[in-house]
$ cat data-v7.cif   # mmCIF, C-alpha atoms
data_final
loop_
_atom_site.label_atom_id
_atom_site.label_comp_id
_atom_site.auth_asym_id
_atom_site.auth_seq_id
_atom_site.Cartn_x
_atom_site.Cartn_y
_atom_site.Cartn_z
CA MET F 1 -43.62 -0.04 -6.13
CA ILE F 2 -41.74 2.46 -8.30
CA THR F 3 -43.44 5.83 -8.68
CA GLY F 4 -42.71 9.09 -10.46
CA ASN F 5 -41.11 10.29 -7.23
CA THR F 6 -38.84 7.28 -6.70
CA GLU F 7 -35.20 8.16 -6.06
CA LEU F 8 -32.52 5.97 -7.60
CA ILE F 9 -29.44 4.51 -5.97
CA ALA F 10 -27.23 3.16 -8.73
CA HIS F 11 -25.34 -0.03 -7.88
CA ILE F 12 -22.44 0.10 -10.33
CA GLY F 13 -20.00 -2.71 -11.03
CA PHE F 14 -19.20 -5.57 -13.39
CA PRO F 15 -20.26 -8.31 -13.55
CA THR F 16 -23.52 -7.92 -11.63
CA HIS F 17 -24.38 -11.59 -11.01
CA ALA F 18 -22.96 -11.59 -7.48
CA PHE F 19 -24.66 -8.34 -6.35
CA LYS F 20 -26.45 -8.75 -3.02
CA ALA F 21 -27.31 -5.16 -2.10
CA PRO F 22 -30.62 -4.94 -4.04
CA MET F 23 -32.00 -7.86 -2.00
CA ILE F 24 -31.22 -6.00 1.22
CA TYR F 25 -31.87 -2.32 0.54
CA ASN F 26 -35.06 -2.74 -1.49
CA PRO F 27 -36.95 -4.92 1.01
CA TYR F 28 -35.89 -2.46 3.74
CA PHE F 29 -37.10 0.54 1.70
CA ASP F 30 -40.42 -1.23 1.14
CA GLN F 31 -40.86 -2.08 4.81
CA ALA F 32 -39.85 1.43 5.96
CA GLY F 33 -41.97 3.25 3.36
CA ILE F 34 -38.96 4.91 1.70
CA ASP F 35 -39.58 5.79 -1.96
CA ALA F 36 -36.16 4.74 -3.27
CA VAL F 37 -34.76 1.77 -5.16
CA VAL F 38 -31.33 0.23 -5.66
CA VAL F 39 -30.78 -0.69 -9.31
CA PRO F 40 -27.85 -2.90 -10.46
CA MET F 41 -25.98 -1.34 -13.37
CA GLY F 42 -23.38 -3.41 -15.19
CA CYS F 43 -20.63 -1.10 -16.42
CA LYS F 44 -17.28 -2.23 -17.79
CA ALA F 45 -14.08 -0.49 -16.72
CA GLU F 46 -13.49 1.31 -19.99
CA ASP F 47 -16.95 2.90 -19.90
CA TYR F 48 -17.03 3.76 -16.21
CA PRO F 49 -15.54 7.28 -15.91
CA ALA F 50 -17.97 8.73 -18.45
CA PHE F 51 -20.89 6.71 -17.09
CA LEU F 52 -20.37 7.84 -13.49
CA ARG F 53 -20.66 11.49 -14.47
CA SER F 54 -23.62 10.75 -16.73
CA VAL F 55 -25.65 8.87 -14.13
CA PHE F 56 -25.28 11.79 -11.72
CA SER F 57 -26.86 14.09 -14.31
CA LEU F 58 -30.18 12.42 -13.44
CA ALA F 59 -32.39 14.69 -11.33
CA ASN F 60 -33.76 11.81 -9.24
CA ILE F 61 -30.52 10.06 -8.30
CA ARG F 62 -29.85 9.90 -4.55
CA GLY F 63 -26.42 8.28 -4.78
CA ALA F 64 -24.38 5.36 -6.02
CA LEU F 65 -23.00 2.18 -4.51
CA ILE F 66 -19.70 1.32 -6.18
CA THR F 67 -18.30 -2.19 -6.34
CA MET F 68 -15.66 -4.21 -8.22
CA PRO F 69 -13.82 -3.30 -10.37
CA HIS F 70 -14.44 0.43 -9.95
CA LYS F 71 -13.66 1.28 -6.31
CA VAL F 72 -10.05 2.36 -6.88
CA THR F 73 -10.84 4.27 -10.07
CA THR F 74 -13.66 6.17 -8.35
CA ALA F 75 -11.35 7.88 -5.87
CA GLY F 76 -9.73 9.82 -8.71
CA LEU F 77 -12.97 10.83 -10.42
CA LEU F 78 -14.65 12.82 -7.64
CA ASP F 79 -14.54 16.39 -6.37
CA GLU F 80 -14.04 15.36 -2.74
CA VAL F 81 -13.24 12.13 -0.91
CA SER F 82 -13.25 11.35 2.82
CA PRO F 83 -10.02 10.78 4.78
CA THR F 84 -10.83 7.05 4.99
CA ALA F 85 -11.22 6.90 1.24
CA GLN F 86 -7.94 8.78 0.80
CA ILE F 87 -6.06 6.19 2.86
CA ALA F 88 -7.87 3.30 1.18
CA GLY F 89 -7.30 4.83 -2.23
CA ALA F 90 -10.84 3.75 -3.09
CA CYS F 91 -14.51 4.73 -2.78
CA ASN F 92 -17.64 2.60 -2.58
CA ALA F 93 -20.21 5.36 -2.06
CA VAL F 94 -20.86 8.53 -4.05
CA ARG F 95 -23.40 11.30 -3.58
CA ARG F 96 -24.02 14.65 -5.21
CA ASN F 97 -24.05 17.55 -2.78
CA ALA F 98 -26.32 20.59 -3.12
CA ASP F 99 -23.47 22.49 -4.80
CA GLY F 100 -23.26 19.80 -7.48
CA LYS F 101 -19.97 18.35 -6.28
CA LEU F 102 -19.56 14.57 -6.28
CA VAL F 103 -18.38 13.36 -2.87
CA GLY F 104 -17.10 9.88 -2.06
CA ASP F 105 -16.61 7.75 1.03
CA MET F 106 -15.59 4.18 1.79
CA PHE F 107 -17.55 1.92 4.14
CA ASP F 108 -16.22 -1.59 3.43
CA GLY F 109 -13.60 -1.32 6.16
CA GLU F 110 -16.03 0.14 8.67
CA GLY F 111 -18.49 -2.66 7.97
CA PHE F 112 -15.82 -5.33 8.35
CA VAL F 113 -14.47 -3.86 11.61
CA ARG F 114 -17.93 -3.36 13.14
CA GLY F 115 -18.70 -6.99 12.35
CA VAL F 116 -15.64 -8.57 13.95
CA GLN F 117 -15.91 -6.32 16.99
CA ARG F 118 -19.54 -7.33 17.50
CA LYS F 119 -18.34 -10.95 17.44
CA GLY F 120 -16.01 -10.20 20.33
CA LEU F 121 -12.64 -9.75 18.62
CA GLN F 122 -10.46 -7.16 20.34
CA LEU F 123 -8.37 -5.39 17.70
CA GLN F 124 -6.06 -3.25 19.82
CA GLY F 125 -2.45 -4.36 19.35
CA ILE F 126 -3.15 -7.58 17.42
CA ARG F 127 -1.40 -8.94 14.32
CA ALA F 128 -3.51 -9.03 11.16
CA VAL F 129 -2.92 -10.11 7.57
CA VAL F 130 -4.94 -8.73 4.66
CA VAL F 131 -4.55 -10.63 1.39
CA GLY F 132 -5.70 -8.46 -1.49
CA CYS F 133 -4.92 -4.74 -1.61
CA GLY F 134 -7.55 -3.55 -4.08
CA GLY F 135 -10.48 -1.39 -3.09
CA VAL F 136 -11.99 -3.58 -0.39
CA GLY F 137 -8.67 -4.79 1.03
CA SER F 138 -7.32 -1.25 1.23
CA ALA F 139 -10.47 -0.11 3.02
CA ILE F 140 -10.26 -2.94 5.55
CA ALA F 141 -6.59 -2.21 6.16
CA ALA F 142 -7.33 1.48 6.73
CA SER F 143 -10.11 0.72 9.20
CA LEU F 144 -8.03 -1.89 11.04
CA ALA F 145 -5.28 0.69 11.42
CA ALA F 146 -7.80 3.20 12.79
CA ALA F 147 -9.04 0.54 15.23
CA GLY F 148 -5.55 0.13 16.69
CA VAL F 149 -4.07 -3.11 15.35
CA GLY F 150 -0.37 -3.39 16.14
CA THR F 151 0.96 -5.12 13.03
CA LEU F 152 -0.60 -5.22 9.57
CA ARG F 153 0.76 -7.63 6.96
CA LEU F 154 -0.28 -6.85 3.39
CA TYR F 155 -0.11 -9.04 0.31
CA ASP F 156 -1.19 -8.53 -3.26
CA ALA F 157 -0.01 -10.21 -6.45
CA TYR F 158 0.17 -6.70 -7.96
CA GLY F 159 3.03 -5.06 -6.11
CA PRO F 160 2.20 -1.40 -6.79
CA SER F 161 -1.21 -1.74 -5.09
CA MET F 162 0.38 -3.35 -2.04
CA ASP F 163 3.26 -0.88 -1.79
CA GLY F 164 1.04 2.15 -2.35
CA LEU F 165 -1.30 1.10 0.45
CA ALA F 166 1.64 0.40 2.76
CA GLY F 167 3.02 3.88 2.12
CA ARG F 168 -0.29 5.59 2.88
CA LEU F 169 -0.73 3.58 6.07
CA ARG F 170 2.78 4.43 7.29
CA GLN F 171 2.15 8.10 6.57
CA HIS F 172 -1.11 8.26 8.52
CA TYR F 173 -0.23 5.72 11.25
CA PRO F 174 3.50 5.99 12.00
CA ALA F 175 3.24 3.71 15.05
CA LEU F 176 1.72 0.87 13.01
CA VAL F 177 4.08 -1.92 11.93
CA VAL F 178 3.35 -2.56 8.23
CA GLU F 179 4.78 -5.66 6.55
CA THR F 180 4.53 -6.45 2.83
CA GLY F 181 5.24 -9.28 0.43
CA SER F 182 3.95 -12.33 2.31
CA ASN F 183 0.50 -13.92 2.56
CA ASP F 184 1.61 -16.33 5.30
CA PRO F 185 -1.06 -16.21 8.05
CA ALA F 186 0.85 -18.36 10.54
CA ASP F 187 1.40 -15.85 13.35
CA CYS F 188 -1.66 -13.66 12.82
CA ASP F 189 -4.65 -13.16 15.12
CA LEU F 190 -6.88 -11.93 12.29
CA VAL F 191 -6.76 -13.29 8.73
CA VAL F 192 -8.66 -11.55 5.92
CA ASN F 193 -9.31 -12.68 2.36
CA ALA F 194 -9.92 -9.46 0.44
CA THR F 195 -9.34 -11.01 -3.01
CA PRO F 196 -12.05 -12.11 -5.45
CA MET F 197 -10.91 -15.74 -5.05
CA GLY F 198 -14.04 -17.70 -4.24
CA MET F 199 -16.41 -15.87 -6.57
CA ASN F 200 -16.10 -18.67 -9.12
CA ASP F 201 -16.21 -22.43 -8.58
CA GLY F 202 -12.76 -23.95 -8.60
CA ASP F 203 -10.91 -20.78 -7.59
CA PRO F 204 -7.68 -21.48 -5.67
CA LEU F 205 -7.62 -20.55 -2.00
CA PRO F 206 -6.00 -17.16 -1.32
CA MET F 207 -3.43 -18.57 1.10
CA ASP F 208 -2.24 -21.79 2.74
CA VAL F 209 -5.07 -22.45 5.19
CA SER F 210 -3.01 -25.09 7.02
CA ARG F 211 -0.82 -22.21 8.27
CA ILE F 212 -3.73 -20.46 10.02
CA ALA F 213 -3.76 -20.96 13.78
CA PRO F 214 -7.01 -22.50 15.11
CA SER F 215 -7.21 -19.55 17.53
CA ALA F 216 -7.22 -17.00 14.70
CA PHE F 217 -10.30 -15.12 13.52
CA VAL F 218 -10.86 -15.41 9.76
CA GLY F 219 -12.84 -12.95 7.64
CA GLU F 220 -14.05 -13.08 4.07
CA VAL F 221 -15.27 -10.44 1.61
CA VAL F 222 -16.64 -12.70 -1.15
CA MET F 223 -20.45 -12.82 -1.02
CA LYS F 224 -21.33 -15.32 -3.74
CA ALA F 225 -21.89 -18.00 -1.09
CA GLU F 226 -22.61 -17.61 2.62
CA THR F 227 -19.74 -19.98 3.43
CA THR F 228 -16.99 -19.94 0.81
CA ALA F 229 -14.46 -22.73 0.36
CA PHE F 230 -11.94 -20.55 2.19
CA LEU F 231 -14.20 -20.07 5.23
CA ALA F 232 -15.15 -23.75 5.25
CA ALA F 233 -11.46 -24.69 5.37
CA ALA F 234 -10.87 -22.18 8.20
CA GLN F 235 -13.84 -23.51 10.17
CA ALA F 236 -12.47 -27.03 9.75
CA ARG F 237 -9.36 -25.82 11.60
CA GLY F 238 -11.54 -24.51 14.43
CA CYS F 239 -11.34 -20.82 13.55
CA ARG F 240 -14.07 -18.30 14.26
CA VAL F 241 -15.19 -16.68 11.02
CA GLN F 242 -17.04 -13.74 9.53
CA VAL F 243 -18.91 -14.27 6.27
CA GLY F 244 -18.77 -11.72 3.47
CA THR F 245 -22.37 -10.60 3.85
CA ASP F 246 -21.73 -9.57 7.47
CA MET F 247 -19.49 -6.79 6.18
CA LEU F 248 -22.32 -5.68 3.91
CA PHE F 249 -25.05 -5.68 6.58
CA GLU F 250 -22.81 -3.83 9.05
CA GLN F 251 -21.95 -1.03 6.62
CA ILE F 252 -25.43 -0.39 5.22
CA PRO F 253 -26.55 1.81 8.17
CA ALA F 254 -23.51 4.03 7.49
CA TYR F 255 -24.40 4.16 3.79
CA LEU F 256 -27.98 5.20 4.58
CA GLU F 257 -26.71 8.04 6.77
CA PHE F 258 -24.32 9.12 3.99
CA PHE F 259 -27.20 9.27 1.51
CA GLY F 260 -29.42 11.17 3.97
CA LEU F 261 -31.96 8.35 4.24
CA PRO F 262 -33.55 6.93 7.42
CA THR F 263 -31.06 4.48 8.92
CA THR F 264 -31.58 1.16 10.68
CA THR F 265 -29.70 -1.75 12.28
CA PRO F 266 -28.02 -4.85 10.78
CA GLU F 267 -30.62 -6.97 12.60
CA VAL F 268 -33.54 -5.24 10.89
CA LEU F 269 -31.81 -5.51 7.53
CA ARG F 270 -31.24 -9.24 7.97
CA SER F 271 -34.85 -9.78 9.03
CA VAL F 272 -36.24 -8.30 5.79
CA ALA F 273 -33.52 -9.31 3.30
CA THR F 274 -34.39 -11.71 0.48
CA LEU F 275 -30.86 -13.00 -0.13
CA LYS F 276 -30.54 -16.28 -2.01
CA TYR F 277 -27.45 -18.34 -2.73
#

$ encode --input "data-v7.cif" --output "C-alpha cells"
Amino acid sequence: MITGNTELIAHIGFPTHAFKAPMIYNPYFDQAGIDAVVVPMGCKAEDYPAFLRSVFSLANIRGALITMPHKVTTAGLLDEVSPTAQIAGACNAVRRNADGKLVGDMFDGEGFVRGVQRKGLQLQGIRAVVVGCGGVGSAIAASLAAAGVGTLRLYDAYGPSMDGLAGRLRQHYPALVVETGSNDPADCDLVVNATPMGMNDGDPLPMDVSRIAPSAFVGEVVMKAETTAFLAAAQARGCRVQVGTDMLFEQIPAYLEFFGLPTTTPEVLRSVATLKY
C-alpha cells in the first residue's frame, strides 16, 4: 500500500526488464511494516546526470539504487563517495544527507564477497580472475582486494576501464599482484563473470569455460536467469558456483543500513521475495 507518507527509493538504470530489486525490497517492506517502495525508473545514459539531480529534489525520496549503465558515471556526479566507491570508480547507492549533499557508496563487491565466503571459499592469498571491469566488476575487484586475494587478473574489452582499475588497485593495495589483458581462467581459484554477457539469449560466453579448473569457484553477476549459460557450463565441469541473485541478496542488508532503514538478513529476504524468471 502506497500512502501520502511513503518514501521512495528510485531504482535507476536502462533497460529495466531485468531488474530484480523491486521483487525483493517491496515484499520485505510490506512484511516489516516499512512505508517505503522501490520504483524502477528507466533512464538512458544521455539523460542521467540531469535526472539524478532532479529525482533528489523530491522531498520524499529516501535514496537511489543505481544499476547499469550508470554506476561508473555516478561516481563523478556526487558530492562525496566512499573509499570503496573511489577504488571501484563506481557507485550503486546514493542518498541525500541532512546537509543536502549527495553521498554514494558501492555494495556490489561486498555482496559478492559475503556470498562466496558464506559458501566456504577462503579468499586469503588465492588467484582470482574478474572478466568485465565496469561498475560491478570494479566493485568486486576492490572488495576481493580488501579480502586479501593474492593475485587479481583483470580483463575488459575496453582497455582504459581495465587499466584504470588496475592502477587504482595497485595504488591502494601495493602487495596485490594485478595482471591485465587476459581472460584465461586456467590457473585461477575464483572465476568471475562481471560482464553483461548472458542477459540476452544467444550471448557468447565471457571466456573459454573449458579452461576453468573443476576445483575453481565460479561467480556470476547476471540476474536474468537463476542459472545462466555460463554457470551451467561451469557446473558441468564440476565447479561450485554463485548465482547473480546471491550477490543481490547479500548486499541488500548493507543498502538498508546505508539508507537508514531497518535491516534484515539474506535468509529473510529470500523467504519473502517474489522473484520470477

$ closest_residue --input "data-v7.cif" --among "F:Gly104, F:Ala194, F:Ile2, F:Pro69" --to "Ala85 (chain F)" --atoms "all atoms listed in the file"
F:Gly104

$ resolve_selection --input "data-v7.cif" --expression "the PyMOL selection byres ((chain F and resi 135-150) around 6)" --output "PyMOL selection string"
chain F and resi 71-72+88+90+108-110+123-127+132-134+151+176+194

$ residues_around --input "data-v7.cif" --residues "Leu261 (chain F)" --least-positions-apart "2" --cutoff "12 Å" --atoms "all atoms listed in the file" --output "ChimeraX atom specification"
/F:7,9,25,28-29,32-37,62-63,95,252-259,263-264

$ resolve_selection --input "data-v7.cif" --expression "the PyMOL selection byres ((chain F and resi 241) around 6)" --output "PDB file with C-alpha atoms, keeping the file's coordinate frame"
ATOM      1  CA  PHE F 217     -10.300 -15.120  13.520  1.00  0.00           C
ATOM      2  CA  VAL F 218     -10.860 -15.410   9.760  1.00  0.00           C
ATOM      3  CA  GLY F 219     -12.840 -12.950   7.640  1.00  0.00           C
ATOM      4  CA  ARG F 240     -14.070 -18.300  14.260  1.00  0.00           C
ATOM      5  CA  GLN F 242     -17.040 -13.740   9.530  1.00  0.00           C
TER       6      GLN F 242
END

$ closest_residue --input "data-v7.cif" --among "F:Glu250, F:Asp201, F:Ile24, F:Tyr158" --to "Ser271 (chain F)" --atoms "all atoms listed in the file"
F:Ile24

$ resolve_selection --input "data-v7.cif" --expression "the PyMOL selection byres ((chain F and resi 82) around 8)" --output "list in words"
Glu80, Val81, Pro83, Thr84, Ala85, Gln86, Val103, Gly104, Asp105 and Met106 of chain F

$ closest_residue --input "data-v7.cif" --among "F:Gly111, F:Gly244, F:Pro262, F:Pro185" --to "Arg211 (chain F)" --atoms "all atoms listed in the file"
F:Pro185

$ atom_distance --input "data-v7.cif" --atom1 "CA of Ile87 (chain F)" --atom2 "CA of Arg168 (chain F)"
5.8 Å

$ atom_distance --input "data-v7.cif" --atom1 "CA of Asp184 (chain F)" --atom2 "CA of Tyr155 (chain F)"
9.0 Å

$ residues_around --input "data-v7.cif" --residues "Leu152 (chain F)" --least-positions-apart "2" --cutoff "7 Å" --atoms "all atoms listed in the file" --output "list of chain:residue names"
F:Arg127, F:Ala128, F:Val129, F:Gly150, F:Leu154, F:Val177, F:Val178, F:Glu179

$ write_last_selection --input "data-v7.cif" --atoms "C-alpha atoms" --output "PDB file, in the coordinates of the input"
ATOM      1  CA  ARG F 127      -1.400  -8.940  14.320  1.00  0.00           C
ATOM      2  CA  ALA F 128      -3.510  -9.030  11.160  1.00  0.00           C
ATOM      3  CA  VAL F 129      -2.920 -10.110   7.570  1.00  0.00           C
ATOM      4  CA  GLY F 150      -0.370  -3.390  16.140  1.00  0.00           C
ATOM      5  CA  LEU F 154      -0.280  -6.850   3.390  1.00  0.00           C
ATOM      6  CA  VAL F 177       4.080  -1.920  11.930  1.00  0.00           C
ATOM      7  CA  VAL F 178       3.350  -2.560   8.230  1.00  0.00           C
ATOM      8  CA  GLU F 179       4.780  -5.660   6.550  1.00  0.00           C
TER       9      GLU F 179
END

$ atom_distance --input "data-v7.cif" --atom1 "CA of His172 (chain F)" --atom2 "CA of Asp79 (chain F)"
21.6 Å

$ closest_residue --input "data-v7.cif" --among "F:Met68, F:Ile12, F:Ala21, F:Leu121" --to "Met41 (chain F)" --atoms "only C-alpha atoms"
F:Ile12

$ closest_residue --input "data-v7.cif" --among "F:Gly100, F:Pro22, F:Gly4, F:Pro15" --to "Asn60 (chain F)" --atoms "only C-alpha atoms"
F:Gly4

$ axis_aligned_box --input "data-v7.cif" --around "region 155-167 of chain F" --padding-each-side "4 Å" --output "JSON"
{"center_x": 1.0, "center_y": -3.2, "center_z": -2.6, "size_x": 12.6, "size_y": 22.1, "size_z": 18.7}

$ closest_residue --input "data-v7.cif" --among "F:Val130, F:Ile66, F:Leu102, F:Ala273" --to "Cys188 (chain F)" --atoms "all atoms listed in the file"
F:Val130

$ build_atoms --input "data-v7.cif" --residues "region 77-88 of chain F" --atoms "all heavy atoms" --output "CSV table (one decimal), keeping the file's coordinate frame"
chain,number,residue,atom,x,y,z
F,77,LEU,N,-12.0,10.2,-9.5
F,77,LEU,CA,-13.0,10.8,-10.4
F,77,LEU,C,-13.9,11.9,-9.7
F,77,LEU,O,-14.7,12.5,-10.4
F,77,LEU,CB,-13.9,9.7,-11.0
F,77,LEU,CG,-13.2,8.7,-11.9
F,77,LEU,CD1,-14.2,7.6,-12.3
F,77,LEU,CD2,-12.5,9.3,-13.1
F,78,LEU,N,-13.7,12.0,-8.4
F,78,LEU,CA,-14.6,12.8,-7.6
F,78,LEU,C,-14.1,14.2,-7.3
F,78,LEU,O,-12.9,14.4,-7.3
F,78,LEU,CB,-15.1,12.1,-6.4
F,78,LEU,CG,-15.6,10.6,-6.6
F,78,LEU,CD1,-15.9,10.0,-5.3
F,78,LEU,CD2,-16.9,10.7,-7.5
F,79,ASP,N,-15.0,15.1,-6.8
F,79,ASP,CA,-14.5,16.4,-6.4
F,79,ASP,C,-14.0,16.4,-5.0
F,79,ASP,O,-13.1,17.1,-4.6
F,79,ASP,CB,-15.7,17.3,-6.4
F,79,ASP,CG,-16.3,17.5,-7.8
F,79,ASP,OD1,-15.5,17.8,-8.8
F,79,ASP,OD2,-17.5,17.2,-8.0
F,80,GLU,N,-14.5,15.5,-4.1
F,80,GLU,CA,-14.0,15.4,-2.7
F,80,GLU,C,-14.1,13.9,-2.3
F,80,GLU,O,-15.1,13.2,-2.7
F,80,GLU,CB,-14.9,16.2,-1.8
F,80,GLU,CG,-14.9,17.7,-2.0
F,80,GLU,CD,-15.9,18.4,-1.1
F,80,GLU,OE1,-16.4,17.8,-0.1
F,80,GLU,OE2,-16.2,19.6,-1.3
F,81,VAL,N,-13.2,13.5,-1.5
F,81,VAL,CA,-13.2,12.1,-0.9
F,81,VAL,C,-12.9,12.2,0.6
F,81,VAL,O,-12.1,13.1,1.0
F,81,VAL,CB,-12.3,11.1,-1.6
F,81,VAL,CG1,-12.7,10.9,-3.0
F,81,VAL,CG2,-10.9,11.6,-1.6
F,82,SER,N,-13.5,11.3,1.4
F,82,SER,CA,-13.2,11.4,2.8
F,82,SER,C,-11.8,10.9,3.2
F,82,SER,O,-11.1,10.3,2.3
F,82,SER,CB,-14.2,10.4,3.5
F,82,SER,OG,-13.8,9.1,3.2
F,83,PRO,N,-11.4,11.2,4.4
F,83,PRO,CA,-10.0,10.8,4.8
F,83,PRO,C,-9.9,9.3,4.7
F,83,PRO,O,-8.8,8.8,4.3
F,83,PRO,CB,-9.9,11.3,6.2
F,83,PRO,CG,-10.8,12.5,6.3
F,83,PRO,CD,-11.9,12.2,5.4
F,84,THR,N,-10.9,8.5,5.1
F,84,THR,CA,-10.8,7.0,5.0
F,84,THR,C,-10.6,6.6,3.6
F,84,THR,O,-9.8,5.7,3.3
F,84,THR,CB,-12.1,6.4,5.6
F,84,THR,OG1,-12.3,6.8,6.9
F,84,THR,CG2,-12.1,4.9,5.4
F,85,ALA,N,-11.4,7.2,2.6
F,85,ALA,CA,-11.2,6.9,1.2
F,85,ALA,C,-9.8,7.3,0.7
F,85,ALA,O,-9.3,6.6,-0.2
F,85,ALA,CB,-12.3,7.6,0.4
F,86,GLN,N,-9.3,8.4,1.2
F,86,GLN,CA,-7.9,8.8,0.8
F,86,GLN,C,-6.9,7.7,1.2
F,86,GLN,O,-6.1,7.3,0.4
F,86,GLN,CB,-7.6,10.1,1.4
F,86,GLN,CG,-8.3,11.3,0.9
F,86,GLN,CD,-8.0,12.6,1.7
F,86,GLN,OE1,-6.9,12.8,2.1
F,86,GLN,NE2,-9.0,13.5,1.8
F,87,ILE,N,-7.0,7.2,2.4
F,87,ILE,CA,-6.1,6.2,2.9
F,87,ILE,C,-6.3,4.9,2.1
F,87,ILE,O,-5.3,4.2,1.6
F,87,ILE,CB,-6.2,5.9,4.4
F,87,ILE,CG1,-5.9,7.2,5.2
F,87,ILE,CG2,-5.3,4.8,4.8
F,87,ILE,CD1,-6.3,7.1,6.6
F,88,ALA,N,-7.6,4.5,1.9
F,88,ALA,CA,-7.9,3.3,1.2
F,88,ALA,C,-7.5,3.4,-0.3
F,88,ALA,O,-7.3,2.4,-1.0
F,88,ALA,CB,-9.3,3.0,1.3
